[in-house]
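Enquirer: Please find one structure pasted underneath; my questions will follow.
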Amino acid sequence: MKPDPNLIWIISMMFLAQLVSFYLVQDLEWKWVLFWSYVFGSTINNSITTSIHEISHNFPFGNRRALWNRWFGIFANLPLGVPFSVSYKRYHRDHHRYLGVGGLDVDIPTDFEGWFFCTTFRKFVWITFQPLFVILRPLVINPKPITSLEIINTVTQIIFDIIVYYVFGVKSLVYMLAASLLGLGLHPIAGHFISEHYMFLKGHETYSYYGPLNLLTFNVGYHNEHHDFPNIPGKNLPLVSERFGKYFHF
């Protein structure tokens with residue numbers, strides 16, 4: 001249970017990788033912009049969202065420098081194109097505190113989502129636009145007063161998006177936004193959103209995944225371990241699994 005300062009450099013490198021991508025796609029044909037957005041950009045942006053999860057637990061700078069983590073989260077948020085980090089921290093705290101409780105845990109689908117998206121095609125639509133549901137669901141079922149940090153997060157993100165548009169052009173802006181939509185929706189790595197908390201076995205609301213995609217998602221697949229030990233950074237969760245695996249392998 002200690003900070004992981006390596007996150008600072010890893011996240012900064014992902015930010016720089018996306019900046020280079022903005023430069024490289026600015027003159028491509030649209031079909032290649034969307035292709036690279038799905039193949040490369042969406043992978044990076046999905047990793048960035050899981051890094052924001054790590055930041056929400058204050059792992060980069062530790063609990064004693066909580067505000068430093070909020071500022072760093074705003075920085076990490078930039079390549080996503082949509083303000084997310086500060087609000088995520090506030091609602092993710094409720095997810096740990098009220099796991100599986102309707103109306104309080106905004107990570108679980110609403111009753112309407114479960115009722116309406118009940119066919120194969122509707123489920124396909126739901127998965128495709130999952131990022132929009134993740135963003136809008138808290139505002140519907142458990143809205144919180146807007147804080148000054150959320151306003152700063154939003155204004156900073158808008159300024160960054162405008163800079164991307166004027167420096168690199170519209171294709172780079174679309175690349176960035178499409179990478180977030182695709183990377184958090186209909187993408188193999190985004191499967192962790194479903195695997196973590198969907199009740200495949202009645203009575204078990206949290207599951208773990210131990211496959212290679214954890215290398216790209218800061219071990220977010222070790223989810224039983226994370227919920228039992230939320231103060232252990234992702235890089236150390238495999239150690240928990242090795243020592244106490246029989247309690248987590250569902």
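Labels used: A, B, ... for chains in the order of the structure tokens, numbers from 1 for residues in each chain, and numbers from 1 for ligands as shown.
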Give me the residues near Ser208 of chain A as an MDAnalysis selection string, where near means some atom within 6 Å (using only C-alpha atoms) and where sequence neighbours in that chain fewer than 5 positions away do not count.

Expert: chainID A and resid 221:224

Enquirer: Could you pull the residues within 9 Å of Leu7 of chain A, counting only C-alpha atoms, minus those fewer than 6 positions along the same chain, as a ChimeraX atom specification?

Expert: /A:51,54-55,59-60

Enquirer: Next, dump the selected residues to file, keeping only N, CA, C and O atoms, as a PDB file, in the first residue's frame.

Expert:
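Once everything was written out, this is selection_22.pdb:
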ATOM      1  N   SER A  51      -5.647   4.635 -16.404  1.00  0.00           N
ATOM      2  CA  SER A  51      -4.659   5.372 -15.605  1.00  0.00           C
ATOM      3  C   SER A  51      -5.333   6.434 -14.747  1.00  0.00           C
ATOM      4  O   SER A  51      -4.889   6.708 -13.624  1.00  0.00           O
ATOM      5  N   GLU A  54      -6.297   4.876 -11.690  1.00  0.00           N
ATOM      6  CA  GLU A  54      -5.178   4.824 -10.752  1.00  0.00           C
ATOM      7  C   GLU A  54      -4.978   6.177 -10.070  1.00  0.00           C
ATOM      8  O   GLU A  54      -4.731   6.260  -8.862  1.00  0.00           O
ATOM      9  N   ILE A  55      -5.088   7.255 -10.849  1.00  0.00           N
ATOM     10  CA  ILE A  55      -4.925   8.600 -10.291  1.00  0.00           C
ATOM     11  C   ILE A  55      -6.009   8.906  -9.272  1.00  0.00           C
ATOM     12  O   ILE A  55      -5.765   9.565  -8.256  1.00  0.00           O
ATOM     13  N   PHE A  59      -2.523   7.241  -6.486  1.00  0.00           N
ATOM     14  CA  PHE A  59      -1.322   6.425  -6.561  1.00  0.00           C
ATOM     15  C   PHE A  59      -0.093   7.157  -7.107  1.00  0.00           C
ATOM     16  O   PHE A  59       1.027   6.871  -6.668  1.00  0.00           O
ATOM     17  N   PRO A  60      -0.210   8.100  -8.057  1.00  0.00           N
ATOM     18  CA  PRO A  60       1.014   8.729  -8.575  1.00  0.00           C
ATOM     19  C   PRO A  60       1.790   9.503  -7.509  1.00  0.00           C
ATOM     20  O   PRO A  60       3.011   9.375  -7.399  1.00  0.00           O
TER      21      PRO A  60
END

Enquirer: With a distance cut-off of 12 Å and only C-alpha atoms, select the neighbouring residues of segment 196-201 of chain A, excluding the residue or stretch itself and same-chain residues fewer than 6 positions from it, and output the selection as a list in words.

Expert: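 Residues near the query, excluding close chain neighbours: His95, His96, Leu99, Gly100, Val101, Asp105, Val106, Asp107, Ile108, Pro109, Gly114, Ala190, Tyr207, Ser208, Tyr209, Tyr210, Asn219, Val220, Gly221, Tyr222, His223, Asn224, Glu225, His226, His227 and Phe250 of chain A.
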
Enquirer: Write the selection just made, keeping N, CA, C and O atoms, as a compact mmCIF listing (two decimals), in the first residue's frame?

Expert:
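Saved the output as again30.txt:
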# COMPACT_ATOMS: atom_id res chain seq x y z
N HIS A 95 -18.73 4.27 -5.96
CA HIS A 95 -18.71 2.91 -6.51
C HIS A 95 -18.08 1.94 -5.52
O HIS A 95 -18.58 0.82 -5.33
N HIS A 96 -17.02 2.35 -4.85
CA HIS A 96 -16.39 1.48 -3.85
C HIS A 96 -17.24 1.39 -2.59
O HIS A 96 -17.34 0.33 -1.97
N LEU A 99 -21.04 -0.48 -3.62
CA LEU A 99 -20.93 -1.40 -4.74
C LEU A 99 -22.23 -2.17 -4.97
O LEU A 99 -22.73 -2.86 -4.09
N GLY A 100 -22.78 -2.01 -6.18
CA GLY A 100 -23.97 -2.74 -6.57
C GLY A 100 -25.27 -2.18 -6.07
O GLY A 100 -26.34 -2.76 -6.34
N VAL A 101 -25.25 -1.05 -5.38
CA VAL A 101 -26.49 -0.46 -4.84
C VAL A 101 -27.08 0.48 -5.88
O VAL A 101 -26.47 1.49 -6.24
N ASP A 105 -24.46 3.51 -6.81
CA ASP A 105 -23.32 3.05 -7.60
C ASP A 105 -23.61 3.31 -9.07
O ASP A 105 -24.35 2.56 -9.72
N VAL A 106 -23.01 4.37 -9.62
CA VAL A 106 -23.32 4.76 -11.00
C VAL A 106 -22.55 3.95 -12.03
O VAL A 106 -22.69 4.18 -13.23
N ASP A 107 -21.73 3.00 -11.59
CA ASP A 107 -21.04 2.13 -12.53
C ASP A 107 -21.94 1.03 -13.08
O ASP A 107 -21.62 0.43 -14.10
N ILE A 108 -23.04 0.75 -12.40
CA ILE A 108 -23.93 -0.30 -12.87
C ILE A 108 -25.05 0.31 -13.72
O ILE A 108 -25.48 1.43 -13.47
N PRO A 109 -25.51 -0.40 -14.75
CA PRO A 109 -26.58 0.12 -15.60
C PRO A 109 -27.86 0.37 -14.80
O PRO A 109 -28.12 -0.29 -13.79
N GLY A 114 -31.24 -1.96 -18.50
CA GLY A 114 -31.43 -3.40 -18.48
C GLY A 114 -32.70 -3.83 -19.18
O GLY A 114 -32.76 -4.91 -19.78
N ALA A 190 -12.04 -2.72 -24.09
CA ALA A 190 -13.17 -2.20 -23.33
C ALA A 190 -14.00 -3.31 -22.70
O ALA A 190 -14.93 -3.02 -21.93
N TYR A 207 -15.71 -9.57 -10.55
CA TYR A 207 -14.92 -10.65 -11.14
C TYR A 207 -13.54 -10.14 -11.52
O TYR A 207 -13.33 -8.95 -11.72
N SER A 208 -12.60 -11.07 -11.63
CA SER A 208 -11.25 -10.72 -12.04
C SER A 208 -10.92 -11.37 -13.39
O SER A 208 -11.45 -12.41 -13.74
N TYR A 209 -10.01 -10.69 -14.10
CA TYR A 209 -9.49 -11.18 -15.38
C TYR A 209 -7.97 -11.16 -15.29
O TYR A 209 -7.38 -10.16 -14.87
N TYR A 210 -7.32 -12.27 -15.67
CA TYR A 210 -5.88 -12.39 -15.48
C TYR A 210 -5.11 -12.54 -16.79
O TYR A 210 -4.00 -13.03 -16.80
N ASN A 219 -3.40 -3.36 -14.87
CA ASN A 219 -3.91 -4.48 -14.08
C ASN A 219 -5.31 -4.26 -13.53
O ASN A 219 -5.67 -4.79 -12.47
N VAL A 220 -6.12 -3.50 -14.27
CA VAL A 220 -7.49 -3.28 -13.81
C VAL A 220 -8.29 -4.57 -13.78
O VAL A 220 -9.31 -4.67 -13.10
N GLY A 221 -7.81 -5.60 -14.50
CA GLY A 221 -8.50 -6.89 -14.48
C GLY A 221 -8.48 -7.57 -13.12
O GLY A 221 -9.36 -8.39 -12.83
N TYR A 222 -7.51 -7.23 -12.29
CA TYR A 222 -7.44 -7.81 -10.94
C TYR A 222 -8.47 -7.09 -10.07
O TYR A 222 -8.13 -6.35 -9.14
N HIS A 223 -9.74 -7.35 -10.35
CA HIS A 223 -10.77 -6.48 -9.78
C HIS A 223 -11.27 -6.92 -8.42
O HIS A 223 -11.61 -6.09 -7.58
N ASN A 224 -11.34 -8.22 -8.19
CA ASN A 224 -11.65 -8.66 -6.82
C ASN A 224 -10.58 -8.17 -5.86
O ASN A 224 -10.87 -7.68 -4.76
N GLU A 225 -9.33 -8.30 -6.30
CA GLU A 225 -8.21 -7.86 -5.47
C GLU A 225 -8.29 -6.35 -5.22
O GLU A 225 -8.03 -5.88 -4.10
N HIS A 226 -8.64 -5.60 -6.27
CA HIS A 226 -8.70 -4.14 -6.13
C HIS A 226 -9.77 -3.71 -5.15
O HIS A 226 -9.55 -2.81 -4.32
N HIS A 227 -10.94 -4.34 -5.21
CA HIS A 227 -12.02 -3.91 -4.33
C HIS A 227 -11.77 -4.31 -2.87
O HIS A 227 -12.25 -3.63 -1.96
N PHE A 250 -12.74 -16.27 -9.12
CA PHE A 250 -14.09 -16.70 -9.41
C PHE A 250 -14.25 -16.80 -10.92
O PHE A 250 -13.84 -15.91 -11.63

Enquirer: Produce a table with one row for each residue of segment 114-193 of chain A that has an atom at most 12 Å from any atom of segment 214-217 of chain A, each row naming the nearest atom pair and its distance in Å at one decimal; use only C-alpha atoms; arrange rows by chain and rising residue number; format as a tab-separated table.

Expert:
residue	atom	partner	partner_atom	distance
A:Gly183	CA	A:Thr217	CA	11.9
A:Pro188	CA	A:Leu216	CA	11.5
A:Ile189	CA	A:Thr217	CA	8.2
A:Ala190	CA	A:Thr217	CA	9.7
A:Gly191	CA	A:Thr217	CA	11.3
A:His192	CA	A:Thr217	CA	9.2
A:Phe193	CA	A:Thr217	CA	11.4

Enquirer: So that I can check the surroundings of segment 145-155 of chain A, please list as an mmCIF file with N, CA, C and O atoms, in the first residue's frame every protein, DNA and RNA residue that reaches within 9 Å of it, counting only C-alpha atoms and ignoring chain neighbours fewer than 3 positions away.

Expert:
data_model
loop_
_atom_site.group_PDB
_atom_site.id
_atom_site.type_symbol
_atom_site.label_atom_id
_atom_site.label_comp_id
_atom_site.auth_asym_id
_atom_site.auth_seq_id
_atom_site.Cartn_x
_atom_site.Cartn_y
_atom_site.Cartn_z
ATOM 1 N N ARG A 70 -5.081 15.419 -8.408
ATOM 2 C CA ARG A 70 -6.190 15.998 -9.175
ATOM 3 C C ARG A 70 -5.662 16.783 -10.381
ATOM 4 O O ARG A 70 -6.202 16.687 -11.482
ATOM 5 N N TRP A 71 -4.603 17.583 -10.165
ATOM 6 C CA TRP A 71 -4.028 18.331 -11.286
ATOM 7 C C TRP A 71 -3.446 17.390 -12.335
ATOM 8 O O TRP A 71 -3.603 17.619 -13.544
ATOM 9 N N GLY A 73 -4.440 14.408 -12.910
ATOM 10 C CA GLY A 73 -5.575 13.782 -13.588
ATOM 11 C C GLY A 73 -6.128 14.659 -14.699
ATOM 12 O O GLY A 73 -6.509 14.163 -15.763
ATOM 13 N N ILE A 74 -6.170 15.959 -14.463
ATOM 14 C CA ILE A 74 -6.621 16.898 -15.496
ATOM 15 C C ILE A 74 -5.673 16.862 -16.690
ATOM 16 O O ILE A 74 -6.101 16.901 -17.853
ATOM 17 N N PHE A 75 -4.366 16.757 -16.405
ATOM 18 C CA PHE A 75 -3.376 16.638 -17.480
ATOM 19 C C PHE A 75 -3.562 15.339 -18.253
ATOM 20 O O PHE A 75 -3.584 15.324 -19.491
ATOM 21 N N ASN A 77 -6.139 13.648 -18.637
ATOM 22 C CA ASN A 77 -7.436 13.680 -19.300
ATOM 23 C C ASN A 77 -7.367 14.281 -20.707
ATOM 24 O O ASN A 77 -8.184 13.972 -21.572
ATOM 25 N N VAL A 82 -12.659 14.848 -23.802
ATOM 26 C CA VAL A 82 -13.873 15.122 -23.019
ATOM 27 C C VAL A 82 -13.483 15.192 -21.544
ATOM 28 O O VAL A 82 -12.786 14.293 -21.053
ATOM 29 N N PRO A 83 -13.897 16.219 -20.802
ATOM 30 C CA PRO A 83 -13.552 16.312 -19.373
ATOM 31 C C PRO A 83 -14.145 15.156 -18.588
ATOM 32 O O PRO A 83 -15.321 14.852 -18.700
ATOM 33 N N PHE A 84 -13.316 14.542 -17.754
ATOM 34 C CA PHE A 84 -13.714 13.270 -17.166
ATOM 35 C C PHE A 84 -13.086 13.021 -15.801
ATOM 36 O O PHE A 84 -13.722 12.515 -14.884
ATOM 37 N N SER A 85 -11.842 13.420 -15.620
ATOM 38 C CA SER A 85 -11.031 12.958 -14.507
ATOM 39 C C SER A 85 -11.575 13.351 -13.140
ATOM 40 O O SER A 85 -11.715 12.504 -12.252
ATOM 41 N N VAL A 86 -11.875 14.637 -12.938
ATOM 42 C CA VAL A 86 -12.279 15.109 -11.608
ATOM 43 C C VAL A 86 -13.619 14.503 -11.204
ATOM 44 O O VAL A 86 -13.790 14.035 -10.066
ATOM 45 N N SER A 87 -14.568 14.493 -12.124
ATOM 46 C CA SER A 87 -15.884 13.911 -11.821
ATOM 47 C C SER A 87 -15.766 12.417 -11.555
ATOM 48 O O SER A 87 -16.443 11.876 -10.671
ATOM 49 N N ILE A 158 -11.546 22.085 -22.931
ATOM 50 C CA ILE A 158 -12.028 22.829 -24.093
ATOM 51 C C ILE A 158 -10.892 23.603 -24.757
ATOM 52 O O ILE A 158 -10.764 23.611 -25.989
ATOM 53 N N ILE A 159 -10.057 24.243 -23.940
ATOM 54 C CA ILE A 159 -8.915 24.988 -24.487
ATOM 55 C C ILE A 159 -7.975 24.045 -25.239
ATOM 56 O O ILE A 159 -7.505 24.358 -26.341
ATOM 57 N N PHE A 160 -7.714 22.866 -24.665
ATOM 58 C CA PHE A 160 -6.839 21.892 -25.327
ATOM 59 C C PHE A 160 -7.432 21.443 -26.654
ATOM 60 O O PHE A 160 -6.716 21.339 -27.666
#

Enquirer: If you run DSSP on the backbone, which residues of segment 7-246 of chain A are helix (DSSP H, G or I), as a PyMOL selection string?

Expert: chain A and resi 7-25+30-56+63-80+85-97+111-116+120-128+130-141+148-168+170-183+188-195+212-216+223-228+234-246

Enquirer: When you count only C-alpha atoms, which of these residues is closest to Leu182 of chain A: A:Ala17, A:Ile44, A:Met1, A:Val240?

Expert: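 Distance minimum relative to Leu182 of chain A lands on A:Ile44.
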
Enquirer: Within 10 Å of Trp126 of chain A, counting only C-alpha atoms, which residues qualify if same-chain residues fewer than 3 places away don't, as a list in words?

Expert: Glu113, Phe116, Phe117, Cys118, Thr120, Phe121, Arg122, Lys123, Phe129, Gln130, Pro131, Leu132, Phe133, Gly185 and Leu186 of chain A

Enquirer: Do you have the atom CA of Asp161 of chain A-atom CA of Gly81 of chain A distance handy?

Expert: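 Rounded to one decimal, the two atoms are 6.2 Å apart.
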
Enquirer: Smallest atom-to-atom distance to Leu34 of chain A: which of A:Tyr175, A:Phe218, A:Phe61, A:Phe124, using only C-alpha atoms?

Expert: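 For Leu34 of chain A, the nearest of the given residues is A:Tyr175.
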
Enquirer: If we count only C-alpha atoms, what is near Ile11 of chain A at a cut-off of 9 Å, once residues fewer than 6 positions away on the same chain are taken out, given as a PyMOL selection string?

Expert: chain A and resi 47-48+51+76

Enquirer: For all heavy atoms, I'd like the residues from the last selection saved as a PDB file, in the first residue's frame.

Expert:
ATOM      1  N   SER A  47      -6.225   2.964 -22.225  1.00  0.00           N
ATOM      2  CA  SER A  47      -5.205   2.886 -21.180  1.00  0.00           C
ATOM      3  C   SER A  47      -5.189   4.155 -20.332  1.00  0.00           C
ATOM      4  O   SER A  47      -4.980   4.097 -19.113  1.00  0.00           O
ATOM      5  CB  SER A  47      -3.824   2.664 -21.806  1.00  0.00           C
ATOM      6  OG  SER A  47      -3.739   1.395 -22.403  1.00  0.00           O
ATOM      7  N   ILE A  48      -5.430   5.303 -20.973  1.00  0.00           N
ATOM      8  CA  ILE A  48      -5.457   6.562 -20.230  1.00  0.00           C
ATOM      9  C   ILE A  48      -6.620   6.579 -19.243  1.00  0.00           C
ATOM     10  O   ILE A  48      -6.481   7.047 -18.106  1.00  0.00           O
ATOM     11  CB  ILE A  48      -5.517   7.756 -21.193  1.00  0.00           C
ATOM     12  CG1 ILE A  48      -4.174   7.925 -21.912  1.00  0.00           C
ATOM     13  CG2 ILE A  48      -5.882   9.040 -20.451  1.00  0.00           C
ATOM     14  CD1 ILE A  48      -4.171   8.994 -22.972  1.00  0.00           C
ATOM     15  N   SER A  51      -5.647   4.635 -16.404  1.00  0.00           N
ATOM     16  CA  SER A  51      -4.659   5.372 -15.605  1.00  0.00           C
ATOM     17  C   SER A  51      -5.333   6.434 -14.747  1.00  0.00           C
ATOM     18  O   SER A  51      -4.889   6.708 -13.624  1.00  0.00           O
ATOM     19  CB  SER A  51      -3.607   6.019 -16.515  1.00  0.00           C
ATOM     20  OG  SER A  51      -4.094   7.182 -17.162  1.00  0.00           O
ATOM     21  N   ALA A  76      -3.715  14.226 -17.537  1.00  0.00           N
ATOM     22  CA  ALA A  76      -3.881  12.924 -18.186  1.00  0.00           C
ATOM     23  C   ALA A  76      -5.150  12.876 -19.027  1.00  0.00           C
ATOM     24  O   ALA A  76      -5.222  12.154 -20.029  1.00  0.00           O
ATOM     25  CB  ALA A  76      -3.907  11.818 -17.133  1.00  0.00           C
TER      26      ALA A  76
END

Enquirer: I'd like the neighbourhood of segment 162-165 of chain A as an MDAnalysis selection string, where a residue qualifies if any of its atoms comes within 12 Å (using only C-alpha atoms), though same-chain residues fewer than 6 positions away should be ignored.

Expert: chainID A and resid 18:23 26 78:81 155:156 171:177

Enquirer: Include N, CA and C atoms and write out the residues we just selected as a short mmCIF file (atom, residue, chain, number, x, y, z; two decimals), in the first residue's frame.

Expert:
data_model
loop_
_atom_site.label_atom_id
_atom_site.label_comp_id
_atom_site.auth_asym_id
_atom_site.auth_seq_id
_atom_site.Cartn_x
_atom_site.Cartn_y
_atom_site.Cartn_z
N GLN A 18 0.11 10.38 -28.05
CA GLN A 18 -1.07 10.90 -28.72
C GLN A 18 -0.78 12.22 -29.43
N LEU A 19 0.07 13.05 -28.86
CA LEU A 19 0.46 14.29 -29.55
C LEU A 19 1.14 13.97 -30.89
N VAL A 20 2.03 13.00 -30.88
CA VAL A 20 2.68 12.58 -32.13
C VAL A 20 1.64 12.04 -33.11
N SER A 21 0.66 11.32 -32.60
CA SER A 21 -0.40 10.78 -33.45
C SER A 21 -1.21 11.91 -34.10
N PHE A 22 -1.49 12.96 -33.34
CA PHE A 22 -2.22 14.10 -33.91
C PHE A 22 -1.47 14.67 -35.11
N TYR A 23 -0.17 14.73 -34.99
CA TYR A 23 0.66 15.25 -36.08
C TYR A 23 0.63 14.30 -37.28
N GLN A 26 -2.89 14.15 -39.41
CA GLN A 26 -3.53 15.38 -39.87
C GLN A 26 -3.72 15.45 -41.38
N LEU A 78 -6.39 15.12 -20.98
CA LEU A 78 -6.37 15.92 -22.20
C LEU A 78 -6.51 15.12 -23.49
N PRO A 79 -5.80 14.00 -23.69
CA PRO A 79 -5.94 13.28 -24.96
C PRO A 79 -7.29 12.61 -25.17
N LEU A 80 -8.13 12.59 -24.15
CA LEU A 80 -9.46 11.98 -24.29
C LEU A 80 -10.42 12.89 -25.02
N GLY A 81 -10.21 14.21 -24.93
CA GLY A 81 -11.06 15.16 -25.62
C GLY A 81 -12.29 15.58 -24.86
N VAL A 155 -12.90 23.56 -18.54
CA VAL A 155 -12.33 24.70 -19.28
C VAL A 155 -10.97 24.32 -19.88
N THR A 156 -10.15 23.62 -19.09
CA THR A 156 -8.84 23.19 -19.59
C THR A 156 -8.99 22.26 -20.79
N LYS A 171 -9.06 16.76 -38.66
CA LYS A 171 -8.86 15.31 -38.67
C LYS A 171 -8.23 14.83 -37.37
N SER A 172 -7.31 15.59 -36.84
CA SER A 172 -6.69 15.21 -35.56
C SER A 172 -7.70 15.30 -34.42
N LEU A 173 -8.57 16.30 -34.48
CA LEU A 173 -9.60 16.42 -33.45
C LEU A 173 -10.57 15.24 -33.51
N VAL A 174 -10.99 14.87 -34.71
CA VAL A 174 -11.88 13.72 -34.88
C VAL A 174 -11.18 12.44 -34.44
N TYR A 175 -9.90 12.32 -34.80
CA TYR A 175 -9.10 11.16 -34.38
C TYR A 175 -9.14 11.01 -32.86
N MET A 176 -8.94 12.11 -32.15
CA MET A 176 -8.90 12.08 -30.69
C MET A 176 -10.26 11.68 -30.10
N LEU A 177 -11.32 12.32 -30.57
CA LEU A 177 -12.65 12.03 -30.02
C LEU A 177 -13.12 10.62 -30.41
#

Enquirer: Just how far from atom CA of Leu67 of chain A is atom CA of Arg97 of chain A, in Å to one decimal?

Expert: 21.2 Å

Enquirer: So what do you get for atom CA of Gly103 of chain A versus atom CA of Val134 of chain A, distance-wise?

Expert: 13.9 Å

Enquirer: Counting only C-alpha atoms, which of A:Thr128, A:Ser56, A:Ser195, A:Thr110 gets nearest to Asn231 of chain A?

Expert: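 Distance minimum relative to Asn231 of chain A lands on A:Ser56.
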
Enquirer: When you count only C-alpha atoms, which of these residues is closest to Ser42 of chain A: A:Leu239, A:Val125, A:Ala178, A:Tyr88?

Expert: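 When distances to Ser42 of chain A are compared using only C-alpha atoms, the smallest one comes from A:Ala178.
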